[in-house]
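For reference, the structure discussed in these notes is given below.
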Amino acid sequence: VLRGASRCFAVLRGMRLDATRVARIRSAAAQLPARRYDSKLPRRMQRDPAEYERRLARRAAVCVALCNVDNQASLLLTLRSDKVGTHAGQVSFPGGHIDEGETPEVAALRELAEETDLVAEPLGRWHPVRAVTGTMVTPVLCFIEQELDRDTVQRTANASVEVAQTFSVSLADLCSPYVRTEENLHGRWVMPRFQVDRDGEPYPPIWGLTAFMIDGVMRELLAPQLDLTYPAPDPSSASGEDTSSS
């Protein structure tokens, strides 16, 4: 695994997302089999049947934004501020609840613009995932065509009080065996975790739902379409109930 991950890391250094690669990712996303990850909520959330049903009905979308930052293929991430009601201080994708009449794509692009002032084009969806709060989250894969550098990315955090920090992580870093690890959450799941250092300074850890979505997108879409070797998961990993959907 380490040898394969090192190959991925070496190949990706300096690799850009060009029109051909973006088109391949778009085509592959359209051909993903229908699937969703629909875990049961913790027992403490099942005590009130009305509240339980309300939580199960909520829908959200996140923008899994691919971009080129300093000429490297990257993902855009945000650190949520302490002014938000849920997941304060955690790393996330730009995103939020889907408003009435919106598609997941419209909601994801709206949230990206509101949180970062950036625009993107949708490429497709990854599988919907049930968050621990009960909300069903649809990851929408997007591409930001604008050329970015680290300073520009950091300044986008000024667009919203919901965002404390905006940063990017290169796909090369996500493939590194020293960045991707696994952890046990709540004694229920073995989940991926990413810890990226930049110039000797650690970025906030990427864990939970965001790490799960990154891991799935890398494994099912980006690694195959970009001809990369991505670290294999622990065979004992379990991230929730995988059920088919139409």
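Every chain in the structure tokens takes a letter, A first, then B, and so on in the order presented; its residues are numbered from 1, and the ligands are numbered from 1 following the presented order.
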Strand (DSSP E or B) per DSSP on the backbone: members of segment 175-241 of chain A, as a VMD selection string = chain A and resid 180 to 185 189 to 194 197 to 198 201 to 202 206
What residues in segment 66-214 of chain A get the DSSP label helix (DSSP H, G or I)? Please answer as a ChimeraX atom specification.
-> /A:104-116,150-159,171-175,208-214
Can I get the selection written as an mmCIF file, in the first residue's frame, with N, CA and C atoms?
```cif
data_model
loop_
_atom_site.group_PDB
_atom_site.id
_atom_site.type_symbol
_atom_site.label_atom_id
_atom_site.label_comp_id
_atom_site.auth_asym_id
_atom_site.auth_seq_id
_atom_site.Cartn_x
_atom_site.Cartn_y
_atom_site.Cartn_z
ATOM 1 N N PRO A 104 -29.924 19.699 -5.722
ATOM 2 C CA PRO A 104 -28.654 19.686 -4.991
ATOM 3 C C PRO A 104 -27.572 20.520 -5.678
ATOM 4 N N GLU A 105 -27.567 20.511 -7.027
ATOM 5 C CA GLU A 105 -26.553 21.287 -7.748
ATOM 6 C C GLU A 105 -26.723 22.784 -7.502
ATOM 7 N N VAL A 106 -27.952 23.266 -7.594
ATOM 8 C CA VAL A 106 -28.211 24.695 -7.364
ATOM 9 C C VAL A 106 -27.837 25.077 -5.938
ATOM 10 N N ALA A 107 -28.203 24.238 -4.976
ATOM 11 C CA ALA A 107 -27.896 24.537 -3.577
ATOM 12 C C ALA A 107 -26.392 24.548 -3.334
ATOM 13 N N ALA A 108 -25.674 23.580 -3.894
ATOM 14 C CA ALA A 108 -24.222 23.505 -3.678
ATOM 15 C C ALA A 108 -23.509 24.720 -4.256
ATOM 16 N N LEU A 109 -23.903 25.129 -5.464
ATOM 17 C CA LEU A 109 -23.261 26.291 -6.086
ATOM 18 C C LEU A 109 -23.632 27.583 -5.365
ATOM 19 N N ARG A 110 -24.871 27.665 -4.874
ATOM 20 C CA ARG A 110 -25.278 28.840 -4.101
ATOM 21 C C ARG A 110 -24.452 28.954 -2.822
ATOM 22 N N GLU A 111 -24.291 27.835 -2.123
ATOM 23 C CA GLU A 111 -23.525 27.855 -0.881
ATOM 24 C C GLU A 111 -22.047 28.173 -1.139
ATOM 25 N N LEU A 112 -21.503 27.665 -2.232
ATOM 26 C CA LEU A 112 -20.116 27.985 -2.582
ATOM 27 C C LEU A 112 -19.950 29.486 -2.776
ATOM 28 N N ALA A 113 -20.887 30.094 -3.512
ATOM 29 C CA ALA A 113 -20.810 31.533 -3.756
ATOM 30 C C ALA A 113 -20.986 32.324 -2.469
ATOM 31 N N GLU A 114 -21.937 31.903 -1.622
ATOM 32 C CA GLU A 114 -22.185 32.624 -0.382
ATOM 33 C C GLU A 114 -21.015 32.536 0.579
ATOM 34 N N GLU A 115 -20.349 31.385 0.611
ATOM 35 C CA GLU A 115 -19.295 31.183 1.597
ATOM 36 C C GLU A 115 -17.920 31.634 1.114
ATOM 37 N N THR A 116 -17.714 31.668 -0.210
ATOM 38 C CA THR A 116 -16.363 31.963 -0.711
ATOM 39 C C THR A 116 -16.313 32.999 -1.830
ATOM 40 N N ARG A 150 -2.597 30.195 -3.137
ATOM 41 C CA ARG A 150 -2.926 30.015 -1.733
ATOM 42 C C ARG A 150 -3.457 31.293 -1.099
ATOM 43 N N ASP A 151 -2.879 32.434 -1.440
ATOM 44 C CA ASP A 151 -3.334 33.694 -0.859
ATOM 45 C C ASP A 151 -4.773 34.010 -1.264
ATOM 46 N N THR A 152 -5.087 33.768 -2.539
ATOM 47 C CA THR A 152 -6.456 34.026 -3.012
ATOM 48 C C THR A 152 -7.448 33.127 -2.295
ATOM 49 N N VAL A 153 -7.093 31.864 -2.134
ATOM 50 C CA VAL A 153 -7.971 30.928 -1.440
ATOM 51 C C VAL A 153 -8.218 31.398 -0.012
ATOM 52 N N GLN A 154 -7.183 31.814 0.681
ATOM 53 C CA GLN A 154 -7.342 32.246 2.072
ATOM 54 C C GLN A 154 -8.219 33.485 2.181
ATOM 55 N N ARG A 155 -8.146 34.380 1.205
ATOM 56 C CA ARG A 155 -8.944 35.609 1.266
ATOM 57 C C ARG A 155 -10.429 35.345 1.064
ATOM 58 N N THR A 156 -10.790 34.223 0.429
ATOM 59 C CA THR A 156 -12.209 33.955 0.186
ATOM 60 C C THR A 156 -12.970 33.732 1.486
ATOM 61 N N ALA A 157 -12.270 33.450 2.582
ATOM 62 C CA ALA A 157 -12.943 33.248 3.862
ATOM 63 C C ALA A 157 -13.642 34.517 4.338
ATOM 64 N N ASN A 158 -13.257 35.662 3.799
ATOM 65 C CA ASN A 158 -13.875 36.926 4.204
ATOM 66 C C ASN A 158 -15.302 37.070 3.691
ATOM 67 N N ALA A 159 -15.738 36.169 2.816
ATOM 68 C CA ALA A 159 -17.055 36.301 2.188
ATOM 69 C C ALA A 159 -18.198 35.984 3.143
ATOM 70 N N LEU A 171 -4.532 16.972 -4.268
ATOM 71 C CA LEU A 171 -4.852 15.555 -4.389
ATOM 72 C C LEU A 171 -3.630 14.710 -4.068
ATOM 73 N N ALA A 172 -2.440 15.249 -4.324
ATOM 74 C CA ALA A 172 -1.211 14.537 -3.980
ATOM 75 C C ALA A 172 -1.128 14.297 -2.482
ATOM 76 N N ASP A 173 -1.433 15.325 -1.699
ATOM 77 C CA ASP A 173 -1.401 15.164 -0.247
ATOM 78 C C ASP A 173 -2.410 14.130 0.219
ATOM 79 N N LEU A 174 -3.597 14.123 -0.389
ATOM 80 C CA LEU A 174 -4.625 13.176 0.029
ATOM 81 C C LEU A 174 -4.219 11.734 -0.244
ATOM 82 N N CYS A 175 -3.304 11.523 -1.189
ATOM 83 C CA CYS A 175 -2.830 10.181 -1.506
ATOM 84 C C CYS A 175 -1.670 9.729 -0.619
ATOM 85 N N GLY A 208 -14.605 12.678 10.146
ATOM 86 C CA GLY A 208 -16.062 12.559 10.103
ATOM 87 C C GLY A 208 -16.613 12.478 8.692
ATOM 88 N N LEU A 209 -17.758 13.120 8.492
ATOM 89 C CA LEU A 209 -18.465 13.036 7.216
ATOM 90 C C LEU A 209 -17.639 13.599 6.067
ATOM 91 N N THR A 210 -16.942 14.702 6.299
ATOM 92 C CA THR A 210 -16.135 15.300 5.223
ATOM 93 C C THR A 210 -15.042 14.351 4.776
ATOM 94 N N ALA A 211 -14.357 13.727 5.721
ATOM 95 C CA ALA A 211 -13.302 12.773 5.371
ATOM 96 C C ALA A 211 -13.881 11.564 4.645
ATOM 97 N N PHE A 212 -15.068 11.114 5.080
ATOM 98 C CA PHE A 212 -15.713 9.970 4.431
ATOM 99 C C PHE A 212 -16.025 10.284 2.965
ATOM 100 N N MET A 213 -16.540 11.488 2.705
ATOM 101 C CA MET A 213 -16.867 11.861 1.332
ATOM 102 C C MET A 213 -15.603 12.031 0.488
ATOM 103 N N ILE A 214 -14.574 12.651 1.041
ATOM 104 C CA ILE A 214 -13.313 12.780 0.307
ATOM 105 C C ILE A 214 -12.788 11.405 -0.070
#
```
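Among the candidate residues A:Val62, A:Leu185, A:Leu123, A:Ala19, the one lying nearest to Phe143 of chain A is A:Leu123, with distances computed using only C-alpha atoms.
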Selected residue of minimal separation from Val91 of chain A among A:Asn71, A:Ser27, A:Thr133, A:Gln165, counting only C-alpha atoms |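 Ranked by minimum distance to Val91 of chain A, first place goes to A:Gln165.
Nearest residue to Cys63 of chain A among A:Asp82, A:Glu51, A:Glu183, A:Glu121 is A:Glu121, counting only C-alpha atoms.
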Enter the distance from atom CA of Leu79 of chain A to atom CA of Arg198 of chain A, in Å, rounded to one decimal.
->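 Straight-line distance from atom CA of Leu79 of chain A to atom CA of Arg198 of chain A works out to 15.7 Å.
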Given the choices A:Asn68, A:Ser74, A:Gln146, A:Thr166, which gets closest to Leu222 of chain A if the distance is worked out from only C-alpha atoms?
->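 Result for the nearest residue to Leu222 of chain A: A:Ser74.
When only C-alpha atoms are used to compute distances to Ala65 of chain A, the closest of the residues A:Arg125, A:Arg219, A:Arg24, A:Arg130 turns out to be A:Arg125.
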Contacts of Gly124 of chain A at 6 Å (only C-alpha atoms; same-chain gap of 2+ positions) as JSON, numbers by chain = {"A": [29, 122, 140, 141]}
Would you mind exporting C-alpha atoms of the selected residues as a short mmCIF file (atom, residue, chain, number, x, y, z; two decimals), in the first residue's frame?
```
data_model
loop_
_atom_site.label_atom_id
_atom_site.label_comp_id
_atom_site.auth_asym_id
_atom_site.auth_seq_id
_atom_site.Cartn_x
_atom_site.Cartn_y
_atom_site.Cartn_z
CA ALA A 29 -19.73 10.62 -12.22
CA PRO A 122 -21.21 21.04 -11.59
CA VAL A 140 -22.01 17.60 -5.71
CA LEU A 141 -18.70 17.39 -7.51
#
```
Within 12 Å of Thr20 of chain A, counting only C-alpha atoms, which residues show up once you throw out same-chain ones fewer than 5 positions away? Write them as a list in words, please.
->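 The contact residues come out as Ile25, Arg26, Ser27, Gln225 and Leu226 of chain A.
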Residue subset to file, keeping N, CA, C and O atoms, as a PDB file, in the first residue's frame:
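Contents of result.pdb, freshly written:
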```pdb
ATOM      1  N   ILE A  25     -13.767  12.981 -15.507  1.00  0.00           N
ATOM      2  CA  ILE A  25     -14.402  12.913 -14.195  1.00  0.00           C
ATOM      3  C   ILE A  25     -15.915  13.097 -14.327  1.00  0.00           C
ATOM      4  O   ILE A  25     -16.709  12.389 -13.701  1.00  0.00           O
ATOM      5  N   ARG A  26     -16.334  14.047 -15.167  1.00  0.00           N
ATOM      6  CA  ARG A  26     -17.761  14.278 -15.388  1.00  0.00           C
ATOM      7  C   ARG A  26     -18.439  13.024 -15.938  1.00  0.00           C
ATOM      8  O   ARG A  26     -19.516  12.625 -15.488  1.00  0.00           O
ATOM      9  N   SER A  27     -17.824  12.401 -16.915  1.00  0.00           N
ATOM     10  CA  SER A  27     -18.398  11.204 -17.526  1.00  0.00           C
ATOM     11  C   SER A  27     -18.502  10.067 -16.515  1.00  0.00           C
ATOM     12  O   SER A  27     -19.515   9.360 -16.451  1.00  0.00           O
ATOM     13  N   GLN A 225     -10.013   7.833 -12.659  1.00  0.00           N
ATOM     14  CA  GLN A 225     -10.015   8.684 -13.844  1.00  0.00           C
ATOM     15  C   GLN A 225      -8.690   9.415 -14.058  1.00  0.00           C
ATOM     16  O   GLN A 225      -8.375   9.812 -15.172  1.00  0.00           O
ATOM     17  N   LEU A 226      -7.926   9.602 -12.993  1.00  0.00           N
ATOM     18  CA  LEU A 226      -6.631  10.260 -13.119  1.00  0.00           C
ATOM     19  C   LEU A 226      -5.484   9.259 -13.099  1.00  0.00           C
ATOM     20  O   LEU A 226      -4.316   9.648 -13.028  1.00  0.00           O
TER      21      LEU A 226
END
```
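Using only C-alpha atoms for every distance, the candidate list A:Ala34, A:Trp207, A:Arg47, A:Glu147 yields A:Trp207 as the residue closest to Asn184 of chain A.
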Quick one: everything within 10 Å of Asp18 of chain A, counting only C-alpha atoms, minus sequence neighbours fewer than 4 positions away in the same chain. Send it as a list in words.
->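 Residues near the query, excluding close chain neighbours: Val22, Ala23, Cys67, Asn68, Ala73 and Glu145 of chain A.
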Store the residues picked out above in a file with N, CA, C and O atoms, as a PDB file, in the first residue's frame.
```pdb
ATOM      1  N   VAL A  22     -11.059  16.894 -16.565  1.00  0.00           N
ATOM      2  CA  VAL A  22     -12.358  17.280 -16.011  1.00  0.00           C
ATOM      3  C   VAL A  22     -13.485  16.551 -16.746  1.00  0.00           C
ATOM      4  O   VAL A  22     -14.444  16.087 -16.137  1.00  0.00           O
ATOM      5  N   ALA A  23     -13.366  16.431 -18.062  1.00  0.00           N
ATOM      6  CA  ALA A  23     -14.387  15.736 -18.845  1.00  0.00           C
ATOM      7  C   ALA A  23     -14.463  14.260 -18.463  1.00  0.00           C
ATOM      8  O   ALA A  23     -15.557  13.680 -18.399  1.00  0.00           O
ATOM      9  N   CYS A  67     -10.217  22.174  -8.003  1.00  0.00           N
ATOM     10  CA  CYS A  67      -9.639  23.417  -8.503  1.00  0.00           C
ATOM     11  C   CYS A  67      -8.137  23.228  -8.688  1.00  0.00           C
ATOM     12  O   CYS A  67      -7.562  22.238  -8.238  1.00  0.00           O
ATOM     13  N   ASN A  68      -7.521  24.176  -9.365  1.00  0.00           N
ATOM     14  CA  ASN A  68      -6.065  24.227  -9.481  1.00  0.00           C
ATOM     15  C   ASN A  68      -5.557  25.361  -8.601  1.00  0.00           C
ATOM     16  O   ASN A  68      -5.915  26.516  -8.807  1.00  0.00           O
ATOM     17  N   ALA A  73      -3.584  20.192  -8.782  1.00  0.00           N
ATOM     18  CA  ALA A  73      -4.953  19.710  -8.636  1.00  0.00           C
ATOM     19  C   ALA A  73      -5.284  19.604  -7.153  1.00  0.00           C
ATOM     20  O   ALA A  73      -4.561  18.961  -6.388  1.00  0.00           O
ATOM     21  N   GLU A 145     -13.041  26.848 -12.399  1.00  0.00           N
ATOM     22  CA  GLU A 145     -12.132  27.080 -13.527  1.00  0.00           C
ATOM     23  C   GLU A 145     -11.114  28.180 -13.222  1.00  0.00           C
ATOM     24  O   GLU A 145     -10.003  28.178 -13.766  1.00  0.00           O
TER      25      GLU A 145
END
```
Rounded to one decimal place, report the atom CA of Asp70 of chain A-atom CA of Ser168 of chain A distance in Å.
->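 Going from atom CA of Asp70 of chain A over to atom CA of Ser168 of chain A, I get 10.1 Å.
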